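Novice: Here it is, the structure in full.
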Amino acid sequence: MNSEWSLEVLYKGFDDPKFAADFEKFDGIIGKINSLAEGINSMQPKEAVMSYLTLSEELSLTMMSLYMYASLRSSANTKDAEAQSVIGRLMAKISGTTRADTVIKKYIAEIPELDAIIESEPMLKEYEYLLHCIREDNKHMLSDQCEEIMALYDISGGSAWSDLQSYLTSSVTADYRGEKLGLSSIRNLAYDPDPTVRKDAYEAELACYEKIKDSVAFSLNSIKLQVINSSRLRGFESPLDEALYRARMKRETLDALLESMNEYMPIFRKYLRVKAEALGHKNGMPWYDMFAPLTKGSSKKYTTEDAKSYLLNTFRSFDKELADMVERAFDEAWIDFYPREGKVGGAFCAGLPGYNQSRVLTNFDGAFGDVVTLAHELGHAFHNLNVESHRPLNNDYSMPVAETASTFNEHVIMDAAIANAETDEERLTLIESQLMDTTQIICDIYSRYLFETSVFDNRENEFMPADKLCELMLDAQRKAYGDGLDPEYLHPYMWLCKSHYYSSGLSFYNFPYAFGGLFARGLYAKYTELGSEFVPVYKKLLNTTPVASVEDAALVAGIDLTKKDFWENSLKSYEKLVDRFCTLAKKIYNI
């Protein structure tokens with residue numbers, strides 16, 4: 001089995017004649033799109049739409065091959081200067097189509113007989129959802145010149161403020177036990193088994209924010225005011241209204257989700273209190289111990305062959321198509337497994353549309369958690385597989401549903417692991433791992449949503465200094481975590497270290513996490529209820545995600561996301577898990 005992925009399905013190298021030919025082809029397609037924009041007013045509407053979609057398909061597939069090859073090479077080796085250079089050249093070239101793309105989409109949106117044209121041609125019928133989105137998006141587009149001006153001003157506005165936050169948080173150091181640690185290093189100590197390390201790291205982390213809090217506060221205030229003004233200019237009632245529109249999601253769905261989360265918040269606070277008591281705390285969980293390991297966990301180490309066998313044995317009982325894809329991923333070198341110098345951290349999955357494949361990057365070290373990570377990323381690959389039957393421009397799905405298949409895979413693996421655990425300690429470790437992650441997408445995400453809402457509510461009329469932002473964050477944490485946390489040990493600077501707040505183009509990068517986690521959990525609950533008969537429905541739902549709103553995709557499985565029933569059933573399944581955790585923890589720790 002290969003330890004690194006193979007990219008030869010794309011190119012054999014930057015000197016591959018196919019790479020040079022595709023780069024030349026890419027330039028040619030861009031030229032054709034620009035020419036189409038110049039002459040589009042003299043064309044018949046159907047001809048114009050067909051020409052645009054055909055060229056866009058060619059552009060998408062060619063750009064994907066070129067960009068993914070360079071991007072994946074760069075991820076595997078950040079010192080690959082040639083890959084970085086190619087990415088820069090591609091981005092510069094694709095930006096040259098922005099004005100033409102805007103002109104063409106405005107033309108399409110204003111075709112009076114667009115629906116009749118769609119019905120007249122099978123290809124256009126396949127792109128019905130995309131074309132309707134273009135028509136709706138046009139309602140929020142400014143003039144060609146204004147769009148260009150806003151994009152240029154964002155470079156020295158919102159994007160620059162975002163870069164400042166990123167620079168300051170990546171360069172600040174914390175004074176910890178006589179040494180200086182970067183922010184990511186000091187935050188990682190929250191998982192250390194030594195309680196004194198966790199507390200000292202927490203205090204050092206909070207102290208280091210004092211050095212940069214005022215500058216980052218300016219960043220956040222500036223970005224949020226720009227977003228407020230941009231949303232208003234585009235005809236949205238609020239930044240939240242715009243965020244929901246971009247997510248292809250109704251406000252009724254968000255309200256049902258948040259109301260259900262708020263009602264079930266006490267069960268996650270109960271988990272935190274019992275875990276805190278097991279760690280020796282009497283007043284709720286102090287922030288610095290939220291990620292503390294309760295047990296040593298399993299010392300078992302998995303090889304990649306072990307991981308392959310484990311995943312195949314588990315997934316075969318769920319779906320043969322998923323198991324076959326996982327086997328291909330291991331056997332056909334889709335996966336880059338091990339950490340090494342120059343390789344990016346974390347894990348991700350990248351689809352290769354048109355090739356019926358994906359590529360997965362992990363930093364595998366043999367722990368069971370790494371097996372779960374593989375299951376998660378291969379869930380994304382399974383989602384990619386299930387949208388492969390669509391035309392090239394119909395393979396992108398909105399953020400709320402992006403974690404559906406990956407999180408679903410996790411539930412399949414974790415349920416099997418918990419059921420097969422040999423000791424109470426092992427079972428507690430597995431359940432606690434699941435609850436720790438879920439508490440983040442329930443309590444923490446809810447606190448982030450509350451905080452960002454309050455920032456937007458305040459920013460239009462006042463500048464919020466760092467101390468005010470800290471107050472808003474503490475208030476949001478109290479509302480979300482309640483008595484689950486020790487009120488003396490919260491985290492007032494969570495607004496400063498989370499990059500999700502610092503985007504001028506993507507606000508409320510929080511509720512999609514809660515949506516994704518609970519949507520997948522609810523689907524898994526349906527699977528446990530209905531068994532194998534639910535699997536085809538699940539796969540059809542995945543297939544629908546790029547060509548429907550989140551509500552319409554869910555209707556494939558008979559789910560009405562605007563009603564609380566589905567969300568409450570999803571949350572109810574966690575109530576049983578919390579009860580199991582509490583029973584085990586009280587037994588093992590005599591509390």
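Chains: A, B, ... in order of the structure tokens. Residues: from 1 per chain. Ligands: from 1, in order shown.
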Determine which residues of stretch 389-580 of chain A receive a DSSP assignment of alpha helix (DSSP H), computed from the backbone, and state them as a ChimeraX atom specification.
Specialist: /A:404-419,424-439,445-459,466-481,494-497,511-530,535-544,550-555,564-580
Novice: Hey, could you make a per-residue contact list for stretch 34-140 of chain A against stretch 238-251 of chain A with 10 Å as the cut-off, showing the nearest pair of atoms and its distance in Å to one decimal, counting only C-alpha atoms, sorted by chain and number, as CSV?
Specialist:
residue,atom,partner,partner_atom,distance
A:Cys133,CA,A:Arg248,CA,9.4
A:Glu136,CA,A:Tyr245,CA,9.9
A:Asp137,CA,A:Arg246,CA,9.2
A:His140,CA,A:Glu242,CA,9.5
Novice: For the selection just defined, write its residues with N, CA, C and O atoms to a file, as a short mmCIF file (atom, residue, chain, number, x, y, z; two decimals), in the first residue's frame.
Specialist:
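So part-v9.cif came out as:
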data_model
loop_
_atom_site.label_atom_id
_atom_site.label_comp_id
_atom_site.auth_asym_id
_atom_site.auth_seq_id
_atom_site.Cartn_x
_atom_site.Cartn_y
_atom_site.Cartn_z
N CYS A 133 -30.79 30.03 -9.84
CA CYS A 133 -29.93 30.70 -8.86
C CYS A 133 -29.28 31.94 -9.47
O CYS A 133 -29.16 32.98 -8.81
N GLU A 136 -31.87 34.61 -9.44
CA GLU A 136 -32.07 35.16 -8.10
C GLU A 136 -30.87 35.98 -7.64
O GLU A 136 -31.02 37.03 -7.02
N ASP A 137 -29.67 35.48 -7.93
CA ASP A 137 -28.45 36.19 -7.53
C ASP A 137 -28.39 37.57 -8.15
O ASP A 137 -27.84 38.51 -7.55
N HIS A 140 -29.30 40.71 -6.35
CA HIS A 140 -28.38 41.23 -5.34
C HIS A 140 -27.04 41.67 -5.94
O HIS A 140 -26.10 41.92 -5.20
#
Novice: Can you list, as a JSON list (two decimals) with all heavy atoms, in the first residue's frame, every protein, DNA or RNA residue that comes within 8 Å of stretch 261-270 of chain A when you count only C-alpha atoms, leaving out same-chain residues fewer than 5 positions away?
Specialist:
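part-v5.json, freshly written:
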[["chain", "number", "residue", "atom", "x", "y", "z"],
["A", 439, "THR", "N", -20.52, 18.73, 21.92],
["A", 439, "THR", "CA", -20.71, 19.92, 22.76],
["A", 439, "THR", "C", -20.14, 21.16, 22.08],
["A", 439, "THR", "O", -20.67, 22.26, 22.24],
["A", 439, "THR", "CB", -20.05, 19.71, 24.14],
["A", 439, "THR", "OG1", -20.65, 18.56, 24.77],
["A", 439, "THR", "CG2", -20.26, 20.91, 25.05],
["A", 442, "ILE", "N", -22.72, 22.24, 19.54],
["A", 442, "ILE", "CA", -23.97, 22.70, 20.15],
["A", 442, "ILE", "C", -23.71, 23.95, 20.99],
["A", 442, "ILE", "O", -24.07, 25.06, 20.60],
["A", 442, "ILE", "CB", -24.61, 21.59, 21.01],
["A", 442, "ILE", "CG1", -24.87, 20.33, 20.16],
["A", 442, "ILE", "CG2", -25.93, 22.10, 21.61],
["A", 442, "ILE", "CD1", -25.81, 20.52, 19.01],
["A", 443, "CYS", "N", -23.05, 23.79, 22.12],
["A", 443, "CYS", "CA", -22.86, 24.93, 23.03],
["A", 443, "CYS", "C", -21.93, 25.99, 22.44],
["A", 443, "CYS", "O", -22.26, 27.18, 22.42],
["A", 443, "CYS", "CB", -22.30, 24.45, 24.37],
["A", 443, "CYS", "SG", -23.40, 23.32, 25.26],
["A", 480, "ALA", "N", -25.00, 30.22, 26.48],
["A", 480, "ALA", "CA", -24.91, 28.93, 25.80],
["A", 480, "ALA", "C", -24.56, 27.79, 26.75],
["A", 480, "ALA", "O", -25.18, 26.73, 26.73],
["A", 480, "ALA", "CB", -23.89, 29.01, 24.67],
["A", 481, "TYR", "N", -23.57, 28.01, 27.58],
["A", 481, "TYR", "CA", -23.08, 26.92, 28.45],
["A", 481, "TYR", "C", -23.79, 26.85, 29.79],
["A", 481, "TYR", "O", -23.76, 25.81, 30.45],
["A", 481, "TYR", "CB", -21.58, 27.10, 28.69],
["A", 481, "TYR", "CG", -20.70, 26.76, 27.53],
["A", 481, "TYR", "CD1", -20.23, 27.74, 26.66],
["A", 481, "TYR", "CD2", -20.31, 25.45, 27.29],
["A", 481, "TYR", "CE1", -19.40, 27.43, 25.59],
["A", 481, "TYR", "CE2", -19.48, 25.12, 26.23],
["A", 481, "TYR", "CZ", -19.03, 26.11, 25.38],
["A", 481, "TYR", "OH", -18.21, 25.80, 24.33],
["A", 482, "GLY", "N", -24.40, 27.96, 30.22],
["A", 482, "GLY", "CA", -25.12, 27.96, 31.48],
["A", 482, "GLY", "C", -24.28, 27.45, 32.64],
["A", 482, "GLY", "O", -23.11, 27.80, 32.78],
["A", 483, "ASP", "N", -24.88, 26.59, 33.47],
["A", 483, "ASP", "CA", -24.17, 26.09, 34.65],
["A", 483, "ASP", "C", -23.22, 24.93, 34.32],
["A", 483, "ASP", "O", -22.66, 24.30, 35.21],
["A", 483, "ASP", "CB", -25.16, 25.67, 35.73],
["A", 483, "ASP", "CG", -26.08, 24.54, 35.28],
["A", 483, "ASP", "OD1", -25.96, 24.07, 34.14],
["A", 483, "ASP", "OD2", -26.95, 24.13, 36.09],
["A", 484, "GLY", "N", -23.05, 24.65, 33.03],
["A", 484, "GLY", "CA", -22.10, 23.62, 32.65],
["A", 484, "GLY", "C", -20.66, 24.06, 32.86],
["A", 484, "GLY", "O", -19.77, 23.23, 33.04],
["A", 485, "LEU", "N", -20.42, 25.38, 32.83],
["A", 485, "LEU", "CA", -19.08, 25.92, 33.00],
["A", 485, "LEU", "C", -18.95, 26.64, 34.33],
["A", 485, "LEU", "O", -19.91, 27.20, 34.86],
["A", 485, "LEU", "CB", -18.73, 26.90, 31.87],
["A", 485, "LEU", "CG", -18.55, 26.33, 30.46],
["A", 485, "LEU", "CD1", -18.06, 27.43, 29.53],
["A", 485, "LEU", "CD2", -17.59, 25.15, 30.44],
["A", 567, "TRP", "N", -35.08, 18.05, 14.30],
["A", 567, "TRP", "CA", -33.94, 18.49, 15.11],
["A", 567, "TRP", "C", -34.04, 17.94, 16.52],
["A", 567, "TRP", "O", -33.01, 17.56, 17.12],
["A", 567, "TRP", "CB", -33.86, 20.02, 15.11],
["A", 567, "TRP", "CG", -33.78, 20.62, 13.74],
["A", 567, "TRP", "CD1", -34.72, 21.36, 13.10],
["A", 567, "TRP", "CD2", -32.68, 20.49, 12.83],
["A", 567, "TRP", "NE1", -34.29, 21.71, 11.86],
["A", 567, "TRP", "CE2", -33.04, 21.21, 11.66],
["A", 567, "TRP", "CE3", -31.44, 19.86, 12.88],
["A", 567, "TRP", "CZ2", -32.18, 21.29, 10.56],
["A", 567, "TRP", "CZ3", -30.59, 19.95, 11.79],
["A", 567, "TRP", "CH2", -30.97, 20.65, 10.64],
["A", 568, "GLU", "N", -35.25, 17.89, 17.06],
["A", 568, "GLU", "CA", -35.43, 17.38, 18.42],
["A", 568, "GLU", "C", -35.13, 15.88, 18.50],
["A", 568, "GLU", "O", -34.54, 15.40, 19.47],
["A", 568, "GLU", "CB", -36.86, 17.66, 18.90],
["A", 568, "GLU", "CG", -37.09, 19.15, 19.20],
["A", 568, "GLU", "CD", -38.52, 19.46, 19.55],
["A", 568, "GLU", "OE1", -39.39, 18.59, 19.30],
["A", 568, "GLU", "OE2", -38.79, 20.57, 20.07],
["A", 571, "LEU", "N", -31.37, 15.54, 18.53],
["A", 571, "LEU", "CA", -30.82, 15.89, 19.83],
["A", 571, "LEU", "C", -31.19, 14.87, 20.90],
["A", 571, "LEU", "O", -30.41, 14.59, 21.81],
["A", 571, "LEU", "CB", -31.30, 17.29, 20.23],
["A", 571, "LEU", "CG", -30.64, 18.43, 19.46],
["A", 571, "LEU", "CD1", -31.52, 19.67, 19.46],
["A", 571, "LEU", "CD2", -29.28, 18.76, 20.06],
["A", 572, "LYS", "N", -32.37, 14.30, 20.77],
["A", 572, "LYS", "CA", -32.83, 13.30, 21.74],
["A", 572, "LYS", "C", -31.91, 12.10, 21.78],
["A", 572, "LYS", "O", -31.68, 11.49, 22.83],
["A", 572, "LYS", "CB", -34.26, 12.88, 21.40],
["A", 572, "LYS", "CG", -35.00, 12.19, 22.53],
["A", 572, "LYS", "CD", -36.46, 11.91, 22.13],
["A", 572, "LYS", "CE", -37.22, 13.22, 21.94],
["A", 572, "LYS", "NZ", -38.65, 12.99, 21.60],
["A", 575, "GLU", "N", -29.22, 12.59, 24.17],
["A", 575, "GLU", "CA", -29.62, 12.50, 25.57],
["A", 575, "GLU", "C", -29.31, 11.11, 26.13],
["A", 575, "GLU", "O", -28.80, 10.98, 27.25],
["A", 575, "GLU", "CB", -31.11, 12.82, 25.71],
["A", 575, "GLU", "CG", -31.57, 12.98, 27.14],
["A", 575, "GLU", "CD", -32.97, 13.55, 27.24],
["A", 575, "GLU", "OE1", -33.68, 13.54, 26.21],
["A", 575, "GLU", "OE2", -33.33, 14.02, 28.32],
["A", 578, "VAL", "N", -25.54, 10.87, 26.67],
["A", 578, "VAL", "CA", -25.12, 11.58, 27.88],
["A", 578, "VAL", "C", -25.45, 10.75, 29.12],
["A", 578, "VAL", "O", -24.64, 10.67, 30.06],
["A", 578, "VAL", "CB", -25.79, 12.97, 27.97],
["A", 578, "VAL", "CG1", -25.58, 13.60, 29.35],
["A", 578, "VAL", "CG2", -25.24, 13.90, 26.88]]
Novice: Calculated over only C-alpha atoms, which of the candidates A:Gly88, A:Gly235, A:Gly558, A:Pro195 has the smallest distance to A:Met141?
Specialist: A:Gly235
Novice: Measuring atom to atom with only C-alpha atoms, identify which of A:Pro293, A:Gly280, A:Pro122, A:Gly158 is nearest to A:Asp194.
Specialist: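 Looking at the shortest contact to A:Asp194, the residue is A:Pro293.
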Novice: Record the distance separating atom CA of A:Ala70 and atom CA of A:Ala83, expressed in Å with one decimal.
Specialist: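 Atom CA of A:Ala70 sits 4.8 Å away from atom CA of A:Ala83.
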Novice: Any idea what's packed within 12 Å of A:Ala347, counting only C-alpha atoms, ignoring anything in its chain fewer than 4 positions away? Could you give it as a list in words?
Specialist: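 Surrounding residues, per the criterion: Ser75, Ala76, Ile335, Asp336, Phe337, Tyr338, Pro339, Lys343, Arg359, Val360, Leu361, Thr362, Asn363, Phe364, Asp370, Val371, Val372, Thr373, Leu374, Ala375, His376, Glu377, Leu378 and His380 of chain A.
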Novice: Kindly give the distance, in Å, that separates atom CA of A:Asp467 and atom CA of A:Gly505, rounded to a single decimal.
Specialist: 25.7 Å
Novice: Write out as a list in words which residues come within 10 Å of A:Asp424 when counting only C-alpha atoms, dropping same-chain ones fewer than 6 positions away.
Specialist: Ile418, Leu430, Leu584, Ala585, Lys587 and Ile588 of chain A
Novice: Restricting it to C-alpha atoms, dump the selection as a compact mmCIF listing (two decimals), in the first residue's frame.
Specialist:
# COMPACT_ATOMS: atom_id res chain seq x y z
CA ILE A 418 -18.70 1.71 21.40
CA LEU A 430 -15.20 6.63 23.12
CA LEU A 584 -20.10 5.12 33.45
CA ALA A 585 -18.33 8.18 34.85
CA LYS A 587 -19.23 4.23 38.40
CA ILE A 588 -15.55 4.62 37.44
Novice: Which of stretch 293-387 of chain A counts as strand (DSSP E) under DSSP, as a VMD selection string please?
Specialist: chain A and resid 335 to 336 348 to 352 357 to 361
Novice: Output N, CA, C and O atoms for every residue in the selection just made, as a PDB file, in the first residue's frame.
Specialist:
ATOM      1  N   ILE A 335      -4.786   8.328  -0.883  1.00  0.00           N
ATOM      2  CA  ILE A 335      -4.554   8.877   0.456  1.00  0.00           C
ATOM      3  C   ILE A 335      -3.074   9.165   0.698  1.00  0.00           C
ATOM      4  O   ILE A 335      -2.212   8.332   0.418  1.00  0.00           O
ATOM      5  N   ASP A 336      -2.794  10.346   1.235  1.00  0.00           N
ATOM      6  CA  ASP A 336      -1.453  10.694   1.718  1.00  0.00           C
ATOM      7  C   ASP A 336      -1.532  10.609   3.246  1.00  0.00           C
ATOM      8  O   ASP A 336      -2.145  11.455   3.895  1.00  0.00           O
ATOM      9  N   PHE A 348      -7.956  16.695   5.117  1.00  0.00           N
ATOM     10  CA  PHE A 348      -8.983  17.202   4.208  1.00  0.00           C
ATOM     11  C   PHE A 348      -9.220  16.183   3.103  1.00  0.00           C
ATOM     12  O   PHE A 348      -8.441  15.238   2.907  1.00  0.00           O
ATOM     13  N   CYS A 349     -10.316  16.380   2.378  1.00  0.00           N
ATOM     14  CA  CYS A 349     -10.628  15.584   1.201  1.00  0.00           C
ATOM     15  C   CYS A 349     -10.884  16.534   0.042  1.00  0.00           C
ATOM     16  O   CYS A 349     -11.599  17.536   0.202  1.00  0.00           O
ATOM     17  N   ALA A 350     -10.308  16.244  -1.112  1.00  0.00           N
ATOM     18  CA  ALA A 350     -10.504  17.056  -2.313  1.00  0.00           C
ATOM     19  C   ALA A 350     -11.060  16.174  -3.421  1.00  0.00           C
ATOM     20  O   ALA A 350     -10.448  15.164  -3.785  1.00  0.00           O
ATOM     21  N   GLY A 351     -12.217  16.536  -3.940  1.00  0.00           N
ATOM     22  CA  GLY A 351     -12.803  15.778  -5.030  1.00  0.00           C
ATOM     23  C   GLY A 351     -12.135  16.090  -6.353  1.00  0.00           C
ATOM     24  O   GLY A 351     -11.634  17.203  -6.559  1.00  0.00           O
ATOM     25  N   LEU A 352     -12.139  15.110  -7.254  1.00  0.00           N
ATOM     26  CA  LEU A 352     -11.612  15.305  -8.608  1.00  0.00           C
ATOM     27  C   LEU A 352     -12.748  15.061  -9.589  1.00  0.00           C
ATOM     28  O   LEU A 352     -12.884  13.970 -10.161  1.00  0.00           O
ATOM     29  N   GLN A 357     -12.957  10.181  -8.636  1.00  0.00           N
ATOM     30  CA  GLN A 357     -12.009   9.931  -7.562  1.00  0.00           C
ATOM     31  C   GLN A 357     -11.946  11.149  -6.642  1.00  0.00           C
ATOM     32  O   GLN A 357     -12.424  12.231  -6.976  1.00  0.00           O
ATOM     33  N   SER A 358     -11.315  10.950  -5.483  1.00  0.00           N
ATOM     34  CA  SER A 358     -10.987  12.040  -4.560  1.00  0.00           C
ATOM     35  C   SER A 358      -9.567  11.818  -4.074  1.00  0.00           C
ATOM     36  O   SER A 358      -8.962  10.765  -4.321  1.00  0.00           O
ATOM     37  N   ARG A 359      -9.027  12.825  -3.380  1.00  0.00           N
ATOM     38  CA  ARG A 359      -7.745  12.672  -2.714  1.00  0.00           C
ATOM     39  C   ARG A 359      -7.901  13.108  -1.263  1.00  0.00           C
ATOM     40  O   ARG A 359      -8.557  14.123  -0.976  1.00  0.00           O
ATOM     41  N   VAL A 360      -7.312  12.313  -0.358  1.00  0.00           N
ATOM     42  CA  VAL A 360      -7.463  12.531   1.075  1.00  0.00           C
ATOM     43  C   VAL A 360      -6.086  12.749   1.690  1.00  0.00           C
ATOM     44  O   VAL A 360      -5.167  11.959   1.450  1.00  0.00           O
ATOM     45  N   LEU A 361      -5.946  13.809   2.473  1.00  0.00           N
ATOM     46  CA  LEU A 361      -4.717  14.061   3.228  1.00  0.00           C
ATOM     47  C   LEU A 361      -5.013  13.894   4.706  1.00  0.00           C
ATOM     48  O   LEU A 361      -6.004  14.415   5.215  1.00  0.00           O
TER      49      LEU A 361
END
Novice: Kindly give the distance, in Å, that separates atom CA of A:Ala217 and atom CA of A:Ser156, rounded to a single decimal.
Specialist: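 Those two atoms sit 17.2 Å apart.
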Novice: From the list A:Ala37, A:Ala416, A:Ala256, A:Met436, which residue is nearest A:Phe291 when using only C-alpha atoms?
Specialist: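 Of the candidates, the smallest distance to A:Phe291 is held by A:Met436.
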Novice: Show me a table, sorted first by chain and then by increasing residue number, of the residues of stretch 121-169 of chain A having an atom at most 12 Å from stretch 395-398 of chain A, each with its shortest atom pair and the distance in Å to one decimal, counting only C-alpha atoms and written as JSON lines.
Specialist:
{"residue": "A:Glu126", "atom": "CA", "partner": "A:Asn395", "partner_atom": "CA", "distance": 12.0}
{"residue": "A:Tyr127", "atom": "CA", "partner": "A:Asn395", "partner_atom": "CA", "distance": 11.2}
{"residue": "A:Tyr129", "atom": "CA", "partner": "A:Tyr397", "partner_atom": "CA", "distance": 11.9}
{"residue": "A:Leu130", "atom": "CA", "partner": "A:Asp396", "partner_atom": "CA", "distance": 10.5}
Novice: Which polymer residues have any atom within 9 Å of an atom of stretch 404-414 of chain A, counting only C-alpha atoms, with same-chain residues fewer than 3 positions away left out, as a ChimeraX atom specification?
Specialist: /A:310-311,314-315,318,371-373,375-383,400-401,417-419,430-431,434,516-521,523-524,542
Novice: Go through A:Leu577, A:Met68, A:Leu53, A:Ile212 one by one, measure the shortest atom-to-atom distance of each to A:Met123 using only C-alpha atoms, and give the residue with the smallest value.
Specialist: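 Nearest candidate to A:Met123 out of A:Leu577, A:Met68, A:Leu53, A:Ile212: A:Leu53.
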Novice: Env of A:Gly39: 12 Å cut, atoms = only C-alpha atoms, seq-sep filter 2 positions within chain, self excluded. Answer as a PyMOL selection string.
Specialist: chain A and resi 32-37+41-45+47-48+51-52+100+103-104+107
Novice: Check which residues of stretch 96-165 of chain A sit at most 8 Å from stretch 490-502 of chain A using only C-alpha atoms, and return one row each with the closest pair of atoms and their distance in Å to one decimal, ordered by chain and rising number, as CSV.
Specialist:
residue,atom,partner,partner_atom,distance
A:Trp161,CA,A:Tyr502,CA,7.7
A:Ser162,CA,A:Tyr502,CA,5.2
A:Gln165,CA,A:Tyr502,CA,7.5
Novice: Any chance you could export the current selection's N, CA, C and O atoms as an mmCIF file, in the first residue's frame?
Specialist:
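That gives us again-v5.cif:
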data_model
loop_
_atom_site.group_PDB
_atom_site.id
_atom_site.type_symbol
_atom_site.label_atom_id
_atom_site.label_comp_id
_atom_site.auth_asym_id
_atom_site.auth_seq_id
_atom_site.Cartn_x
_atom_site.Cartn_y
_atom_site.Cartn_z
ATOM 1 N N TRP A 161 -7.825 43.687 6.564
ATOM 2 C CA TRP A 161 -8.081 43.557 8.003
ATOM 3 C C TRP A 161 -8.030 42.094 8.437
ATOM 4 O O TRP A 161 -7.549 41.747 9.516
ATOM 5 N N SER A 162 -8.539 41.214 7.567
ATOM 6 C CA SER A 162 -8.480 39.783 7.849
ATOM 7 C C SER A 162 -7.037 39.293 7.910
ATOM 8 O O SER A 162 -6.665 38.507 8.786
ATOM 9 N N GLN A 165 -5.469 40.208 11.274
ATOM 10 C CA GLN A 165 -5.823 39.273 12.345
ATOM 11 C C GLN A 165 -5.028 37.986 12.223
ATOM 12 O O GLN A 165 -4.501 37.449 13.218
#
